Structures are given as structure tokens and as C-alpha cells.
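This is final_30.cif. It holds mmCIF, C-alpha atoms.
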data_protein
#
loop_
_atom_site.label_atom_id
_atom_site.label_comp_id
_atom_site.auth_asym_id
_atom_site.auth_seq_id
_atom_site.Cartn_x
_atom_site.Cartn_y
_atom_site.Cartn_z
CA MET A 1 -89.14 -123.69 95.16
CA ASP A 2 -89.97 -126.72 92.97
CA VAL A 3 -89.03 -127.04 89.31
CA SER A 4 -92.41 -126.10 87.82
CA THR A 5 -92.70 -123.02 90.05
CA ARG A 6 -89.16 -121.99 89.14
CA LEU A 7 -89.85 -122.49 85.43
CA GLY A 8 -93.05 -120.47 85.74
CA THR A 9 -91.18 -117.67 87.50
CA ILE A 10 -88.51 -117.59 84.80
CA LEU A 11 -91.07 -117.51 81.99
CA TYR A 12 -92.98 -114.82 83.85
CA ALA A 13 -89.74 -112.83 84.28
CA LEU A 14 -89.00 -113.13 80.55
CA LEU A 15 -92.53 -112.01 79.74
CA ILE A 16 -92.24 -108.95 81.98
CA ALA A 17 -88.78 -108.21 80.55
CA THR A 18 -90.28 -108.33 77.05
CA VAL A 19 -93.11 -105.96 77.96
CA LEU A 20 -90.65 -103.56 79.63
CA GLN A 21 -88.47 -103.75 76.54
CA LEU A 22 -91.43 -102.81 74.38
CA VAL A 23 -92.41 -99.78 76.50
CA PRO A 24 -91.50 -96.85 74.23
CA ALA A 25 -88.71 -94.55 75.39
CA TYR A 26 -88.49 -91.14 73.77
CA GLY A 27 -85.68 -88.64 73.22
CA GLY A 28 -82.51 -89.10 75.23
CA TRP A 29 -84.11 -91.81 77.38
CA VAL A 30 -83.60 -94.32 74.57
CA ASP A 31 -79.87 -94.35 75.30
CA TRP A 32 -80.50 -95.23 78.94
CA LYS A 33 -82.95 -98.03 78.39
CA PRO A 34 -81.47 -101.32 79.66
CA ASN A 35 -81.67 -104.59 77.78
CA PHE A 36 -84.06 -106.28 80.20
CA ILE A 37 -84.00 -109.64 78.41
CA LEU A 38 -80.20 -109.77 78.53
CA VAL A 39 -80.24 -108.90 82.24
CA ILE A 40 -82.55 -111.86 82.94
CA VAL A 41 -80.18 -114.19 81.07
CA ILE A 42 -77.12 -112.81 82.88
CA VAL A 43 -78.75 -113.11 86.30
CA LEU A 44 -79.79 -116.71 85.70
CA MET A 45 -76.41 -117.72 84.31
CA ILE A 46 -74.41 -115.98 87.03
CA ASN A 47 -76.37 -117.61 89.81
CA GLN A 48 -77.13 -121.04 88.34
CA PRO A 49 -74.59 -121.87 85.64
CA ASP A 50 -75.27 -125.61 86.01
CA GLN A 51 -78.92 -125.20 85.02
CA PHE A 52 -78.65 -122.50 82.35
CA SER A 53 -76.23 -123.22 79.52
CA VAL A 54 -75.11 -121.45 76.36
CA ILE A 55 -77.99 -123.11 74.51
CA PHE A 56 -80.42 -121.36 76.85
CA ALA A 57 -78.71 -118.02 76.08
CA ALA A 58 -78.85 -118.69 72.33
CA THR A 59 -82.55 -119.63 72.50
CA VAL A 60 -83.43 -116.47 74.42
CA GLY A 61 -81.30 -114.54 71.90
CA LEU A 62 -83.41 -115.92 69.07
CA PHE A 63 -86.52 -114.84 70.98
CA ALA A 64 -84.94 -111.38 71.45
CA ASP A 65 -84.52 -111.13 67.67
CA GLY A 66 -88.29 -111.41 67.40
CA VAL A 67 -88.82 -108.79 70.10
CA PHE A 68 -86.32 -106.28 68.72
CA GLY A 69 -87.17 -106.90 65.08
CA THR A 70 -83.50 -107.32 64.19
CA THR A 71 -82.04 -109.65 61.58
CA VAL A 72 -82.75 -113.22 62.70
CA GLY A 73 -79.60 -114.55 64.34
CA HIS A 74 -78.26 -111.14 65.39
CA PHE A 75 -79.15 -111.37 69.08
CA MET A 76 -78.67 -115.13 69.00
CA LEU A 77 -75.02 -114.54 68.18
CA VAL A 78 -74.65 -111.79 70.80
CA PHE A 79 -76.35 -113.84 73.53
CA THR A 80 -74.29 -116.93 72.63
CA LEU A 81 -71.05 -114.99 73.05
CA CYS A 82 -72.27 -113.47 76.34
CA GLY A 83 -73.45 -116.89 77.53
CA THR A 84 -70.06 -118.43 76.80
CA LEU A 85 -68.35 -115.62 78.68
CA LEU A 86 -70.68 -116.09 81.64
CA VAL A 87 -70.13 -119.87 81.74
CA LEU A 88 -66.36 -119.30 81.69
CA LEU A 89 -66.65 -116.79 84.53
CA SER A 90 -69.25 -118.74 86.49
CA ARG A 91 -66.79 -120.61 88.70
CA TRP A 92 -65.97 -117.25 90.28
CA THR A 93 -69.11 -115.19 89.78
CA ARG A 94 -71.36 -117.59 91.70
CA TYR A 95 -69.46 -116.62 94.85
CA PHE A 96 -69.35 -112.89 94.16
CA ALA A 97 -70.90 -110.30 96.44
CA LEU A 98 -73.56 -107.95 95.06
CA LEU A 99 -71.15 -105.16 94.10
CA TYR A 100 -68.96 -107.53 92.08
CA ARG A 101 -72.02 -109.09 90.46
CA LEU A 102 -73.09 -105.57 89.48
CA LEU A 103 -69.71 -105.08 87.87
CA VAL A 104 -70.06 -108.37 85.98
CA VAL A 105 -73.49 -107.37 84.65
CA PHE A 106 -72.08 -103.96 83.66
CA GLY A 107 -69.14 -105.59 81.86
CA VAL A 108 -71.21 -108.21 80.05
CA SER A 109 -73.86 -105.64 79.04
CA LEU A 110 -71.11 -103.41 77.71
CA PHE A 111 -69.65 -106.33 75.78
CA ALA A 112 -73.11 -107.24 74.42
CA THR A 113 -73.95 -103.74 73.21
CA PHE A 114 -70.48 -103.33 71.75
CA THR A 115 -70.80 -106.64 69.88
CA GLN A 116 -74.25 -105.61 68.65
CA THR A 117 -72.89 -102.33 67.36
CA VAL A 118 -69.98 -104.05 65.62
CA LEU A 119 -72.38 -106.50 63.96
CA ILE A 120 -74.63 -103.66 62.77
CA ASN A 121 -71.62 -101.75 61.45
CA LEU A 122 -70.45 -104.90 59.65
CA GLN A 123 -73.83 -105.00 57.94
CA GLY A 124 -73.16 -101.60 56.42
CA SER A 125 -74.82 -99.18 58.86
CA SER A 126 -72.83 -96.62 60.80
CA ILE A 127 -73.69 -96.39 64.49
CA ALA A 128 -71.94 -94.38 67.20
CA LEU A 129 -70.87 -95.98 70.47
CA ASP A 130 -71.76 -93.16 72.86
CA TYR A 131 -74.89 -94.82 74.26
CA LEU A 132 -73.02 -97.91 75.46
CA PRO A 133 -72.04 -96.90 79.04
CA GLY A 134 -75.48 -95.53 79.95
CA MET A 135 -77.27 -98.64 78.76
CA ALA A 136 -74.78 -100.96 80.51
CA LEU A 137 -75.03 -98.96 83.73
CA MET A 138 -78.83 -99.14 83.76
CA SER A 139 -78.69 -102.86 83.01
CA ALA A 140 -76.35 -103.37 85.99
CA LEU A 141 -78.64 -101.38 88.28
CA MET A 142 -81.51 -103.72 87.38
CA LEU A 143 -79.64 -106.67 88.92
CA PRO A 144 -80.94 -106.54 92.53
CA LEU A 145 -84.54 -106.18 91.34
CA VAL A 146 -84.28 -109.05 88.87
CA GLU A 147 -82.53 -111.31 91.40
CA LYS A 148 -85.26 -110.57 93.92
CA PHE A 149 -87.94 -111.28 91.34
CA VAL A 150 -86.61 -114.63 90.14
CA GLY A 151 -85.90 -115.71 93.71
CA LEU A 152 -82.12 -115.70 93.47
CA SER A 153 -81.34 -112.91 95.92
CA ARG A 154 -78.51 -113.54 98.35
CA GLU A 155 -77.49 -111.95 101.60
CA THR A 156 -74.37 -110.31 100.22
CA MET B 1 -64.82 -128.43 80.48
CA TYR B 2 -63.77 -125.68 78.06
CA SER B 3 -63.55 -127.81 74.92
CA PRO B 4 -67.25 -128.89 74.75
CA LEU B 5 -68.28 -125.37 75.72
CA LEU B 6 -66.23 -123.77 72.96
CA ARG B 7 -67.43 -126.37 70.46
CA ARG B 8 -71.03 -125.63 71.43
CA MET B 9 -70.40 -121.89 71.15
CA LEU B 10 -68.85 -122.32 67.72
CA ILE B 11 -71.81 -124.36 66.45
CA LEU B 12 -74.33 -121.84 67.82
CA CYS B 13 -72.37 -118.92 66.34
CA LEU B 14 -72.33 -120.67 62.96
CA ILE B 15 -76.09 -121.28 63.14
CA ALA B 16 -76.67 -117.62 64.08
CA THR B 17 -74.46 -116.39 61.24
CA ALA B 18 -76.20 -118.70 58.77
CA LEU B 19 -79.59 -117.39 59.95
CA MET B 20 -78.41 -113.79 59.51
CA ILE B 21 -77.20 -114.49 55.97
CA VAL B 22 -80.44 -116.27 55.06
CA ASP B 23 -82.58 -113.49 56.59
CA ARG B 24 -80.69 -110.73 54.83
CA SER B 25 -80.48 -112.32 51.42
CA THR B 26 -83.76 -114.23 51.11
CA THR B 27 -87.38 -113.98 52.24
CA TRP B 28 -87.48 -117.54 53.61
CA LEU B 29 -87.71 -116.35 57.22
CA GLN B 30 -90.45 -113.81 56.48
CA PRO B 31 -93.26 -116.14 57.70
CA LEU B 32 -91.34 -116.62 60.96
CA ARG B 33 -91.07 -112.85 61.36
CA MET B 34 -94.79 -112.42 60.63
CA GLY B 35 -95.61 -115.10 63.21
CA ALA B 36 -93.40 -113.44 65.82
CA ASP B 37 -95.12 -110.15 65.14
CA TYR B 38 -98.57 -111.63 65.70
CA VAL B 39 -97.41 -113.27 68.95
CA LEU B 40 -95.80 -110.07 70.22
CA ARG B 41 -98.65 -107.75 69.22
CA PRO B 42 -100.51 -108.13 72.56
CA LEU B 43 -97.25 -107.46 74.43
CA ASN B 44 -96.72 -104.37 72.30
CA TRP B 45 -100.19 -103.23 73.23
CA ILE B 46 -99.43 -103.77 76.92
CA GLY B 47 -96.14 -101.91 76.54
CA ASN B 48 -98.00 -98.93 75.12
CA ILE B 49 -100.41 -98.71 78.06
CA PRO B 50 -98.33 -96.10 80.01
CA ARG B 51 -98.18 -93.84 76.96
CA ASN B 52 -101.88 -94.29 76.26
CA ILE B 53 -102.70 -93.42 79.88
CA GLN B 54 -100.56 -90.31 79.59
CA GLN B 55 -102.31 -89.29 76.37
CA TRP B 56 -105.70 -89.98 77.91
CA SER B 57 -104.88 -87.93 81.00
CA ASP B 58 -103.52 -85.07 78.88
CA LEU B 59 -106.79 -85.10 76.98
CA ASN B 60 -109.25 -85.58 79.82
CA LEU B 61 -107.67 -84.05 82.88
CA ALA B 62 -106.88 -80.65 81.40
CA SER B 63 -108.43 -77.69 83.20
CA LYS B 64 -111.11 -75.57 81.58
CA GLU B 65 -108.76 -72.56 81.43
CA GLN B 66 -106.14 -74.64 79.68
CA LEU B 67 -108.67 -75.88 77.14
CA ILE B 68 -109.86 -72.31 76.49
CA ASP B 69 -106.24 -71.18 76.01
CA ASP B 70 -105.55 -74.09 73.66
CA ASN B 71 -108.70 -73.36 71.71
CA LYS B 72 -107.76 -69.71 71.37
CA ARG B 73 -104.23 -70.57 70.26
CA LEU B 74 -105.46 -73.13 67.73
CA ARG B 75 -107.96 -70.65 66.26
CA GLN B 76 -105.16 -68.10 65.82
CA GLU B 77 -102.89 -70.73 64.25
CA ARG B 78 -105.71 -71.81 61.94
CA LEU B 79 -106.17 -68.23 60.79
CA ILE B 80 -102.44 -67.87 60.09
CA TYR B 81 -102.29 -71.17 58.21
CA ARG B 82 -105.38 -70.33 56.14
CA GLY B 83 -103.70 -67.09 55.15
CA ARG B 84 -100.55 -68.98 54.16
CA LEU B 85 -102.60 -71.58 52.31
CA GLN B 86 -104.19 -68.90 50.17
CA ARG B 87 -100.74 -67.71 49.24
CA MET B 88 -99.65 -71.30 48.59
CA SER B 89 -102.65 -71.94 46.36
CA GLU B 90 -101.68 -68.96 44.26
CA LEU B 91 -98.08 -70.18 44.04
CA ALA B 92 -99.19 -73.73 43.22
CA ALA B 93 -101.38 -72.45 40.40
CA GLU B 94 -98.52 -70.35 39.10
CA ASN B 95 -96.15 -73.32 39.36
CA LEU B 96 -98.61 -75.47 37.43
CA ARG B 97 -98.84 -72.90 34.65
CA LEU B 98 -95.04 -72.67 34.43
CA LEU B 99 -94.66 -76.45 34.34
CA GLN B 100 -97.23 -76.63 31.57
CA LEU B 101 -95.30 -73.98 29.67
CA LEU B 102 -92.16 -76.10 30.09
CA ASN B 103 -94.07 -79.19 28.90
CA ALA B 104 -93.26 -81.01 32.15
CA SER B 105 -94.02 -84.64 31.49
CA GLU B 106 -95.66 -85.42 34.78
CA LEU B 107 -97.25 -83.41 37.58
CA LEU B 108 -97.32 -85.34 40.81
CA ILE B 109 -100.19 -84.72 43.14
CA ASP B 110 -99.85 -86.60 46.42
CA SER B 111 -102.67 -87.77 48.64
CA VAL B 112 -102.13 -88.61 52.28
CA LEU B 113 -103.53 -90.86 54.99
CA VAL B 114 -103.34 -89.91 58.66
CA THR B 115 -101.74 -92.54 60.86
CA GLN B 116 -100.66 -92.89 64.47
CA VAL B 117 -97.50 -94.29 66.03
CA ILE B 118 -98.28 -97.43 68.06
CA GLY B 119 -94.77 -98.59 68.81
CA ILE B 120 -91.13 -97.61 68.54
CA SER B 121 -87.96 -99.63 68.25
CA PRO B 122 -86.92 -101.08 71.62
CA THR B 123 -83.25 -100.54 70.83
CA PRO B 124 -81.41 -97.30 70.03
CA GLN B 125 -79.46 -98.97 67.24
CA ARG B 126 -82.52 -99.28 65.05
CA HIS B 127 -84.68 -96.25 64.28
CA THR B 128 -88.05 -97.76 63.42
CA LEU B 129 -91.67 -96.96 64.21
CA THR B 130 -94.77 -99.09 64.12
CA ILE B 131 -97.84 -97.33 62.76
CA ASP B 132 -101.49 -98.31 62.85
CA ARG B 133 -101.98 -98.59 59.06
CA GLY B 134 -101.24 -101.69 57.03
CA ALA B 135 -101.98 -103.46 53.78
CA ASP B 136 -105.71 -103.22 54.54
CA ASP B 137 -105.39 -99.42 54.26
CA GLY B 138 -103.39 -99.60 51.05
CA ALA B 139 -99.97 -99.14 52.65
CA TYR B 140 -97.05 -100.63 50.74
CA VAL B 141 -93.34 -101.24 51.23
CA GLY B 142 -91.32 -98.14 50.39
CA GLN B 143 -94.19 -95.74 51.04
CA PRO B 144 -92.98 -92.35 52.35
CA LEU B 145 -93.98 -91.17 55.81
CA LEU B 146 -94.22 -87.52 56.95
CA ASP B 147 -94.97 -85.58 60.08
CA SER B 148 -96.13 -81.97 60.24
CA GLU B 149 -92.53 -80.72 59.94
CA GLY B 150 -90.94 -82.90 57.30
CA LEU B 151 -89.97 -86.29 55.95
CA MET B 152 -89.85 -89.08 58.55
CA GLY B 153 -88.94 -92.24 56.64
CA GLN B 154 -90.44 -95.07 54.64
CA LEU B 155 -92.31 -98.31 55.28
CA VAL B 156 -90.11 -101.39 55.31
CA THR B 157 -92.52 -104.07 56.50
CA VAL B 158 -96.26 -104.04 55.92
CA PHE B 159 -98.62 -106.29 57.85
CA ASP B 160 -102.39 -106.46 57.45
CA SER B 161 -103.30 -103.89 60.08
CA HIS B 162 -100.00 -102.17 60.89
CA SER B 163 -96.63 -101.42 59.37
CA VAL B 164 -93.03 -100.83 60.38
CA ALA B 165 -91.31 -97.69 59.11
CA LEU B 166 -87.58 -97.07 58.90
CA LEU B 167 -86.71 -93.49 59.92
CA ILE B 168 -84.36 -91.32 57.89
CA THR B 169 -81.93 -91.22 60.85
CA ASP B 170 -81.46 -95.00 60.92
CA GLY B 171 -77.86 -95.95 60.23
CA SER B 172 -78.86 -97.98 57.19
CA HIS B 173 -80.97 -95.25 55.56
CA ALA B 174 -79.99 -92.75 52.90
CA LEU B 175 -82.09 -90.44 50.76
CA PRO B 176 -81.35 -88.08 47.88
CA VAL B 177 -81.75 -84.41 48.78
CA LYS B 178 -81.27 -81.00 47.20
CA VAL B 179 -80.58 -77.56 48.63
CA LEU B 180 -83.66 -75.34 48.41
CA ARG B 181 -81.57 -72.23 47.69
CA ASN B 182 -79.71 -73.46 44.62
CA GLY B 183 -80.69 -77.06 43.87
CA VAL B 184 -77.30 -78.62 44.73
CA ARG B 185 -77.83 -82.36 45.08
CA SER B 186 -76.47 -84.72 47.71
CA ILE B 187 -77.33 -87.80 49.77
CA ALA B 188 -78.46 -87.49 53.40
CA GLU B 189 -77.41 -90.50 55.43
CA GLY B 190 -78.75 -91.61 58.82
CA THR B 191 -76.40 -91.62 61.79
CA ALA B 192 -78.45 -93.51 64.42
CA ASP B 193 -78.85 -90.14 66.18
CA PHE B 194 -82.37 -88.69 66.09
CA ASN B 195 -80.97 -85.17 65.78
CA ARG B 196 -78.45 -85.60 63.03
CA LEU B 197 -78.05 -86.61 59.39
CA ASN B 198 -74.82 -86.53 57.42
CA LEU B 199 -74.41 -85.40 53.83
CA ARG B 200 -72.23 -87.74 51.84
CA TYR B 201 -69.80 -87.04 49.04
CA VAL B 202 -70.03 -83.25 49.00
CA SER B 203 -67.01 -81.66 47.40
CA PRO B 204 -65.35 -78.68 49.14
CA THR B 205 -66.36 -76.42 46.26
CA ALA B 206 -70.10 -77.21 46.56
CA ASP B 207 -72.26 -74.18 47.32
CA ILE B 208 -73.77 -75.31 50.63
CA LYS B 209 -73.96 -72.92 53.59
CA LEU B 210 -74.96 -73.11 57.23
CA GLY B 211 -78.73 -72.76 57.55
CA ASP B 212 -79.50 -74.06 54.06
CA GLN B 213 -82.75 -75.97 53.92
CA LEU B 214 -82.68 -79.41 52.30
CA LEU B 215 -85.62 -80.94 50.47
CA SER B 216 -86.15 -84.41 49.07
CA SER B 217 -84.97 -84.29 45.47
CA GLY B 218 -87.20 -87.07 44.16
CA LEU B 219 -84.24 -88.81 42.54
CA GLY B 220 -84.36 -92.58 42.82
CA GLY B 221 -88.14 -92.46 42.71
CA ARG B 222 -88.58 -93.51 46.32
CA PHE B 223 -89.52 -90.21 47.97
CA PRO B 224 -91.59 -87.53 46.25
CA ALA B 225 -89.70 -84.30 45.58
CA GLY B 226 -90.03 -81.13 47.62
CA TYR B 227 -90.61 -82.35 51.19
CA PRO B 228 -88.43 -80.76 53.92
CA VAL B 229 -85.66 -83.04 55.15
CA GLY B 230 -83.52 -80.80 57.35
CA ILE B 231 -81.34 -77.74 57.84
CA VAL B 232 -77.56 -77.65 57.52
CA SER B 233 -76.19 -77.21 61.04
CA ASN B 234 -72.45 -77.76 60.68
CA ILE B 235 -69.90 -77.78 57.86
CA GLU B 236 -66.39 -79.03 58.41
CA GLN B 237 -63.49 -79.62 56.06
CA LYS B 238 -61.15 -82.14 57.61
CA PRO B 239 -57.53 -81.91 56.49
CA GLY B 240 -56.70 -84.61 53.98
CA SER B 241 -60.33 -85.46 53.32
CA VAL B 242 -61.64 -85.24 49.77
CA PHE B 243 -65.18 -84.46 50.86
CA MET B 244 -66.73 -82.06 53.36
CA ASP B 245 -68.28 -83.30 56.60
CA ILE B 246 -71.75 -81.74 56.66
CA GLN B 247 -74.26 -82.27 59.45
CA VAL B 248 -77.98 -81.69 59.09
CA ASP B 249 -80.70 -81.21 61.73
CA PRO B 250 -83.75 -83.20 60.59
CA SER B 251 -86.88 -81.11 60.11
CA ALA B 252 -89.25 -83.85 61.29
CA LEU B 253 -89.67 -84.44 65.02
CA LEU B 254 -88.46 -87.99 64.67
CA ASP B 255 -88.50 -88.96 68.33
CA ARG B 256 -91.64 -87.03 69.31
CA SER B 257 -94.28 -87.03 66.59
CA THR B 258 -97.17 -89.39 67.20
CA HIS B 259 -99.52 -88.43 64.37
CA LEU B 260 -98.05 -88.91 60.91
CA LEU B 261 -99.02 -88.87 57.27
CA LEU B 262 -98.60 -91.71 54.80
CA VAL B 263 -98.04 -90.27 51.33
CA PHE B 264 -99.64 -91.90 48.32
CA THR B 265 -97.74 -90.60 45.33
CA SER B 266 -99.24 -90.70 41.86
CA ASP B 267 -96.18 -92.72 40.83
CA SER B 268 -96.96 -96.33 41.68
CA ASN B 269 -93.89 -97.88 40.10
CA ASN B 270 -92.03 -98.16 43.36
CA ARG B 271 -94.01 -100.82 45.11
CA ASP B 272 -91.50 -103.55 44.62
CA GLY B 273 -89.53 -103.20 47.83
CA LEU B 274 -86.50 -101.27 48.96
CA ASP B 275 -83.68 -100.20 46.72
#

Could you show the structure in this file as C-alpha cells?
Amino acid sequence: MDVSTRLGTILYALLIATVLQLVPAYGGWVDWKPNFILVIVIVLMINQPDQFSVIFAATVGLFADGVFGTTVGHFMLVFTLCGTLLVLLSRWTRYFALLYRLLVVFGVSLFATFTQTVLINLQGSSIALDYLPGMALMSALMLPLVEKFVGLSRET
Amino acid sequence: MYSPLLRRMLILCLIATALMIVDRSTTWLQPLRMGADYVLRPLNWIGNIPRNIQQWSDLNLASKEQLIDDNKRLRQERLIYRGRLQRMSELAAENLRLLQLLNASELLIDSVLVTQVIGISPTPQRHTLTIDRGADDGAYVGQPLLDSEGLMGQLVTVFDSHSVALLITDGSHALPVKVLRNGVRSIAEGTADFNRLNLRYVSPTADIKLGDQLLSSGLGGRFPAGYPVGIVSNIEQKPGSVFMDIQVDPSALLDRSTHLLLVFTSDSNNRDGLD
């Protein structure tokens, strides 16, 4: 796959992730809705840490602020921290089998939602943490589909 | 390897924090937010396609028997509501006479505008709705929003053709309420749970019971008085705590209602943004 095709696929994946993020979820389903944009970033950074840096994560985070309607900089900060974590782990995660990659996505999603909640609570709102595991689990389960879509699927 | 990475992370975190401070304390980034909204509007529309298809199919693929049943039920409901309305008209007239006797300074008569939900917050941490009325329809920041059951929230961002409303269950929202039974006042605070509000600063001696209905008190001038907010569902006195822990079930169907009412109060002094 050449560079322009790869770039097109990534932009297309981000676009689809944004649309999926904007599909309304009602009632208890809200707590199970994965952060599709974060999953795309995690998948790219797990598989190709040399091409996708922390700056990429921060830029997508800024974009996510527009999508989610949060305070500008909120998701930028969360994605930057997740991106740093992923770069630090990348020397191992790039060799991980699917199950372990699922665990990484689960862990990073959990960390991201926890950080988000802490940031919101620091801004004066009170938010419970009970939705965290469900959202992280659903984000992890999206991994094989996203890897397949962006052409990063592996045998393991 | 780690040093440049950590330096980069630190710089990005500082930029993000600076952006958050600027966004929260000034309106400098408002044009950016408006621009993002215009760019994302088509994507929002695409995201709503599944729901629109469902609504269309509910409307068009219903069987004749179902439509007849619905029609019959709606006629019966209409009859009941007309009966209640007659009673309400009598009470309203009586209330007006009493207020005039008391020389009440101002009698608020609210008008409403029907609106539809066209988007909801993509994250459970924020309880917001996007509705299809904006500045072109006379909507303004701070305007109260109702559904058929009770108070939903208030507008926080108004665009030309649509607006974003903050729901009363959002973690950053609080509204003054009173108990219908005895007029005891309190503040209902959002909990980021669509089915729960908390009452703040209620002393253990306050006369609030399970099942008490709460109405907006009108204090603060943001929400008009007398709209249903919720019903007290749990009262707990934790040992060592100065105040009671009171939970309230919101009256409005916050995560289900699609058709809402924008309230235009006769008091127009509150159009200067959020408190």
C-alpha cells in the first residue's frame, strides 16, 4: 500500500470513527459506547509507532474536542498522555499477539476515560466512574475490526 | 529516546492546559468552536440517519390495526386531558385572582416553541442535546427546555439554525427547586446519571419525604417557577455528615424524549449567558 493510499485509508477511518461517534446512543447504551476515535489512534500507534507520534495523538485529540464539544484542549491532553504511554510501550506492543493487543487497548481506553473523568471532576463537575469498564471493553473489542479496516491486521 | 518524548509530551500537555484555561475563561475560541460545528454538521446528519430511518419506519410501516388502536388511545387521552385542562383553567383563573388580591408584582405567562432533538452528546460524561431551533427562531443562551413530563435543561450554545442544551443531569448543572407539598427550597444538582439528581445542602431537620414532588422554584431567574423537576426517591443521613443525602428521579424523560418545548418567559432579563 503506497503512502497516499495509506493516508487516504487513515483519513477515511477517522471520518467513519467520527460518524460512529456521533450516532446517538440512548439509555444504558451510552455507557457501552466505545471511543472510536481513540481506538483508531491506539491501533495506529500500537502497530506503527515510528510513523505515528505523540504529535499525531495530540492533533487527533484536538479534533476530538471539536467532535465531542468538550473544552478545547481536554481531549488533546488525554490523547497526548495516551500517545506517550503507547510510544513507551511500543517496543513490546508491536510484537504482541491479538489477545495481548486487546488487553493493551482495554488498558489504554480505561486510562483515557479515567483521565477524562478526573479532568472533568477537576473542572468542578461530579461524575461517577461506573461506566469506565464497559466503555473500555467495547473499545478493546473494536480492535480486530479497526485493524482489518486500516490494513494492519496480522496473523496472530 | 525517552527524554525528547517526555519533553514533547510536556510541551503538548502545557499547550492543552493553556487552551483549556483560555476556552473556559474567555470567548476567544468561540469562532473556532462555531467553525468546527459547521464542519461537523453534515457528519451529525449522517450519524442521525439510523434514528431517522427507525422513526420513518415506525411511522410508515405500522399496520392498520395498530394505527386504529393508536388513534383510539389518543382520542381517549385527548378527552382526559381536555377534562383536566378545564379544571386547570378554573384553577389558573382562581390563582390569578388571588395573586391580584396579594398585589403580586408580576404574573409570568410563558409561551413555548416546539423543537426536535437532532443530536445527543457522544460521550456519557456530558449530558447535552442538540435541537433544531437556533437564533433564527429567537432561541437564546439560558433559555429553559421542557419535555411533556418536566424540566429538561437550558440552552448553552446557540447557533443560527440549531442550539446545544445542557441537561439538568449534567455534572456541571444545578437548579433551584422547591418541594410542592410545603415549599421547602433546595438545589438539585446533576450527577451525570440520566436517572438521578442530588439535593444539596439539606439539613437533617428539613421537611422532605420520600415521594415528594419537586418543582423549579424560579429563584436565580434562570428557570421559570412551577415546572416539575423530579420526585424524591431516596433519603439517607450518613453518620458524621452535616447534610442529608437526597436522591431525586427526574420527571423529564431525559434520555428518551425527542420532541421538546423551548420556553419563552416574559422575563427577558436573563439573556446574558449562564450564571

Open item on the list: Evaluated on this file, the PyMOL selection byres ((chain A) within 7 of (chain B)) picks out some residues - which ones are they, written as a PyMOL selection string?
Closed with: chain A and resi 19-24+26-27+30-31+66+68+71-74+76-77+80+84+124-127

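Here the PyMOL selection byres ((chain B and resi 205) around 12) matches the residues Val184, Tyr201, Val202, Ser203, Pro204, Ala206, Asp207, Ile208, Lys209, Gln237, Val242, Phe243 and Met244 of chain B.
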
TODO: Rank nothing, just name the residue among B:Ile235, B:Val229, B:Leu98, B:Leu175 nearest to B:Leu146, using all atoms listed in the file.
DONE: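 Selected residue with least distance to B:Leu146: B:Val229.
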
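Residue selection for this entry, given the PyMOL selection byres ((chain B and resi 178) around 7), comprises Val177, Val179, Leu180, Gly183, Val184, Arg185, Ser186, Leu214, Leu215, Ser216 and Ser217 of chain B.
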
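Here atom CA of A:Leu15 and atom CA of A:Gly107 stand 24.3 Å from one another.
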
- [ ] Could you please determine the separation between atom CA of A:Leu85 and atom CA of A:Pro49 in Å, to one decimal place?
- [x]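 Going from atom CA of A:Leu85 over to atom CA of A:Pro49 covers 11.2 Å.
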
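Taking atom CA of A:Asp65 as the reference point, atom CA of A:Val78 is found at 10.4 Å.
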
When you look at stretch 128-144 of chain A with a cut-off of 8 Å (counting only C-alpha atoms), what residues show up, excluding the ones that are within fewer than 5 positions of it in the same chain? I need them as a PDB file with C-alpha atoms, keeping the file's coordinate frame.
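Final output, saved to part_18.pdb:
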ATOM      1  CA  ASP A  31     -79.870 -94.350  75.300  1.00  0.00           C
ATOM      2  CA  TRP A  32     -80.500 -95.230  78.940  1.00  0.00           C
ATOM      3  CA  LYS A  33     -82.950 -98.030  78.390  1.00  0.00           C
ATOM      4  CA  PRO A  34     -81.470-101.320  79.660  1.00  0.00           C
ATOM      5  CA  ASN A  35     -81.670-104.590  77.780  1.00  0.00           C
ATOM      6  CA  PHE A  36     -84.060-106.280  80.200  1.00  0.00           C
ATOM      7  CA  VAL A  39     -80.240-108.900  82.240  1.00  0.00           C
ATOM      8  CA  VAL A  43     -78.750-113.110  86.300  1.00  0.00           C
ATOM      9  CA  LEU A  98     -73.560-107.950  95.060  1.00  0.00           C
ATOM     10  CA  LEU A 102     -73.090-105.570  89.480  1.00  0.00           C
ATOM     11  CA  LEU A 103     -69.710-105.080  87.870  1.00  0.00           C
ATOM     12  CA  VAL A 105     -73.490-107.370  84.650  1.00  0.00           C
ATOM     13  CA  PHE A 106     -72.080-103.960  83.660  1.00  0.00           C
ATOM     14  CA  GLY A 107     -69.140-105.590  81.860  1.00  0.00           C
ATOM     15  CA  SER A 109     -73.860-105.640  79.040  1.00  0.00           C
ATOM     16  CA  LEU A 110     -71.110-103.410  77.710  1.00  0.00           C
ATOM     17  CA  THR A 113     -73.950-103.740  73.210  1.00  0.00           C
ATOM     18  CA  PHE A 114     -70.480-103.330  71.750  1.00  0.00           C
ATOM     19  CA  THR A 117     -72.890-102.330  67.360  1.00  0.00           C
ATOM     20  CA  SER A 153     -81.340-112.910  95.920  1.00  0.00           C
TER      21      SER A 153
ATOM     22  CA  THR B 191     -76.400 -91.620  61.790  1.00  0.00           C
ATOM     23  CA  ALA B 192     -78.450 -93.510  64.420  1.00  0.00           C
TER      24      ALA B 192
END

Open item on the list: Considering all atoms listed in the file, can you say which of B:Leu199, B:Gly211, B:Pro144, B:Gln116 comes closest to B:Thr258?
Closed with: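 Of B:Leu199, B:Gly211, B:Pro144, B:Gln116, the one nearest B:Thr258 is B:Gln116, counting all atoms listed in the file.
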
Open item on the list: Applying 8 Å and all atoms listed in the file, which residues near stretch 148-155 of chain B remain after dropping the ones on its own chain fewer than 2 positions away? List them as a ChimeraX atom specification.
Closed with: /B:140-146,157-158,163-168,227-230,250-254,260

So which residues touch A:Cys82 within 7 Å, counting only C-alpha atoms, skipping near sequence neighbours fewer than 4 positions away, as a compact mmCIF listing (two decimals) with C-alpha atoms, in the coordinates of the input?
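Once written, around.txt looks like this:
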# COMPACT_ATOMS: atom_id res chain seq x y z
CA VAL A 78 -74.65 -111.79 70.80
CA LEU A 86 -70.68 -116.09 81.64
CA VAL A 108 -71.21 -108.21 80.05
CA ALA A 112 -73.11 -107.24 74.42

- [ ] Could you check which of B:Arg97, B:His162, B:Asp212, B:Leu219 is closest to B:Pro176, using all atoms listed in the file?
- [x]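 Closest to B:Pro176, using all atoms listed in the file: B:Leu219.
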